[in-house]
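protein31.cif (mmCIF, C-alpha atoms) appears below.
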```cif
data_entry
loop_
_atom_site.label_atom_id
_atom_site.label_comp_id
_atom_site.auth_asym_id
_atom_site.auth_seq_id
_atom_site.Cartn_x
_atom_site.Cartn_y
_atom_site.Cartn_z
CA ARG A 1 -21.57 -34.55 6.55
CA LEU A 2 -18.46 -33.60 4.62
CA PRO A 3 -15.19 -35.46 4.90
CA VAL A 4 -12.76 -33.55 7.13
CA GLN A 5 -10.48 -32.55 4.23
CA LEU A 6 -13.39 -31.03 2.26
CA ALA A 7 -14.75 -29.19 5.29
CA ALA A 8 -11.26 -27.80 5.93
CA MET A 9 -11.00 -26.59 2.33
CA ASN A 10 -14.38 -24.86 2.62
CA MET A 11 -13.37 -23.20 5.88
CA THR A 12 -10.49 -21.36 4.15
CA ASN A 13 -13.14 -19.33 2.31
CA ILE A 14 -15.80 -19.31 5.00
CA ASN A 15 -13.43 -17.77 7.55
CA VAL A 16 -12.67 -14.92 5.12
CA GLN A 17 -16.40 -14.36 4.64
CA LEU A 18 -17.09 -14.43 8.39
CA LEU A 19 -14.37 -11.86 9.06
CA THR A 20 -15.73 -9.67 6.26
CA ILE A 21 -19.17 -9.76 7.86
CA ALA A 22 -17.65 -8.96 11.26
CA ALA A 23 -15.73 -6.05 9.68
CA ALA A 24 -18.95 -4.52 8.36
CA HIS A 25 -20.91 -5.19 11.53
CA GLU A 26 -18.25 -3.84 13.89
CA LYS A 27 -16.85 -1.23 11.46
CA SER A 28 -13.39 -2.69 12.04
CA MET A 29 -10.53 -2.13 9.62
CA GLU A 30 -8.55 -4.76 11.55
CA HIS A 31 -11.11 -7.36 10.51
CA VAL A 32 -10.85 -6.15 6.90
CA TYR A 33 -7.08 -6.61 6.99
CA HIS A 34 -7.33 -10.01 8.67
CA ALA A 35 -9.92 -11.23 6.18
CA ALA A 36 -7.68 -10.25 3.27
CA MET A 37 -4.66 -11.84 4.95
CA LEU A 38 -6.56 -15.11 5.37
CA ASP A 39 -7.64 -15.23 1.72
CA PRO A 40 -5.49 -18.01 0.21
CA HIS A 41 -4.86 -16.26 -3.12
CA THR A 42 -4.15 -12.85 -1.61
CA ALA A 43 -1.81 -14.31 1.00
CA ALA A 44 0.05 -16.25 -1.70
CA GLU A 45 0.64 -13.14 -3.83
CA LEU A 46 1.14 -10.22 -1.43
CA SER A 47 3.11 -9.41 1.70
CA ILE A 48 1.28 -8.32 4.83
CA ASP A 49 2.25 -4.68 4.20
CA ASP A 50 0.99 -4.93 0.61
CA ILE A 51 -2.31 -6.44 1.78
CA VAL A 52 -2.86 -3.58 4.24
CA ALA A 53 -2.01 -1.02 1.54
CA MET A 54 -4.35 -2.74 -0.95
CA CYS A 55 -7.22 -2.73 1.56
CA ASP A 56 -6.65 0.95 2.35
CA GLU A 57 -6.58 1.81 -1.36
CA LEU A 58 -9.78 -0.14 -2.04
CA ILE A 59 -11.61 1.53 0.87
CA GLU A 60 -10.53 4.97 -0.36
CA ALA A 61 -11.56 4.15 -3.94
CA HIS A 62 -15.01 3.12 -2.75
CA LYS A 63 -15.34 6.27 -0.61
CA SER A 64 -14.39 8.46 -3.58
CA VAL A 65 -17.35 7.22 -5.59
CA GLY A 66 -19.79 7.59 -2.72
CA PHE A 67 -20.05 3.91 -1.79
CA PRO A 68 -20.81 3.52 1.93
CA VAL A 69 -17.83 1.96 3.67
CA LEU A 70 -16.50 1.64 7.20
#
```
What is this file in structure tokens?
Amino acid sequence: RLPVQLAAMNMTNINVQLLTIAAAHEKSMEHVYHAAMLDPHTAAELSIDDIVAMCDELIEAHKSVGFPVL
């Protein structure tokens, strides 16, 4: 069993991963945006509008090279 403070620190990353899985499973761009917004580093560097734009750009970049995306 982890101390509460360590479990809380882990959950900051685990929640991002869980939302990313949900995004793929449900084909939900909202989950993609929310996962990126919850990422501690991304949230510290970018505004909400910039995060949405970044996600859109990354999805389009992956589509352009034939990578299967939402």
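CA of Met37 (chain A) lies 15.6 Å from CA of Ile59 (chain A).
Those residues that approach region 1-9 of chain A to within 12 Å, counting all atoms listed in the file, are A:Asn13, A:Ile14, A:Asn15, A:Asp39, A:Pro40; same-chain residues fewer than 4 positions away are not listed.
Omitting Val32 (chain A) and its sequence neighbours fewer than 4 positions away, and counting all atoms listed in the file, the residues within 12 Å are Asn15, Val16, Gln17, Leu18, Leu19, Thr20, Ile21, Ala22, Ala23, Ala24, His25, Glu26, Lys27, Ser28, Ala36, Met37, Leu38, Asp39, Ile51, Val52, Ala53, Met54, Cys55, Asp56, Leu58, Ile59, Val69 and Leu70 of chain A.
From CA of Asp49 (chain A) back to CA of Ala61 (chain A), the distance works out to 18.3 Å.
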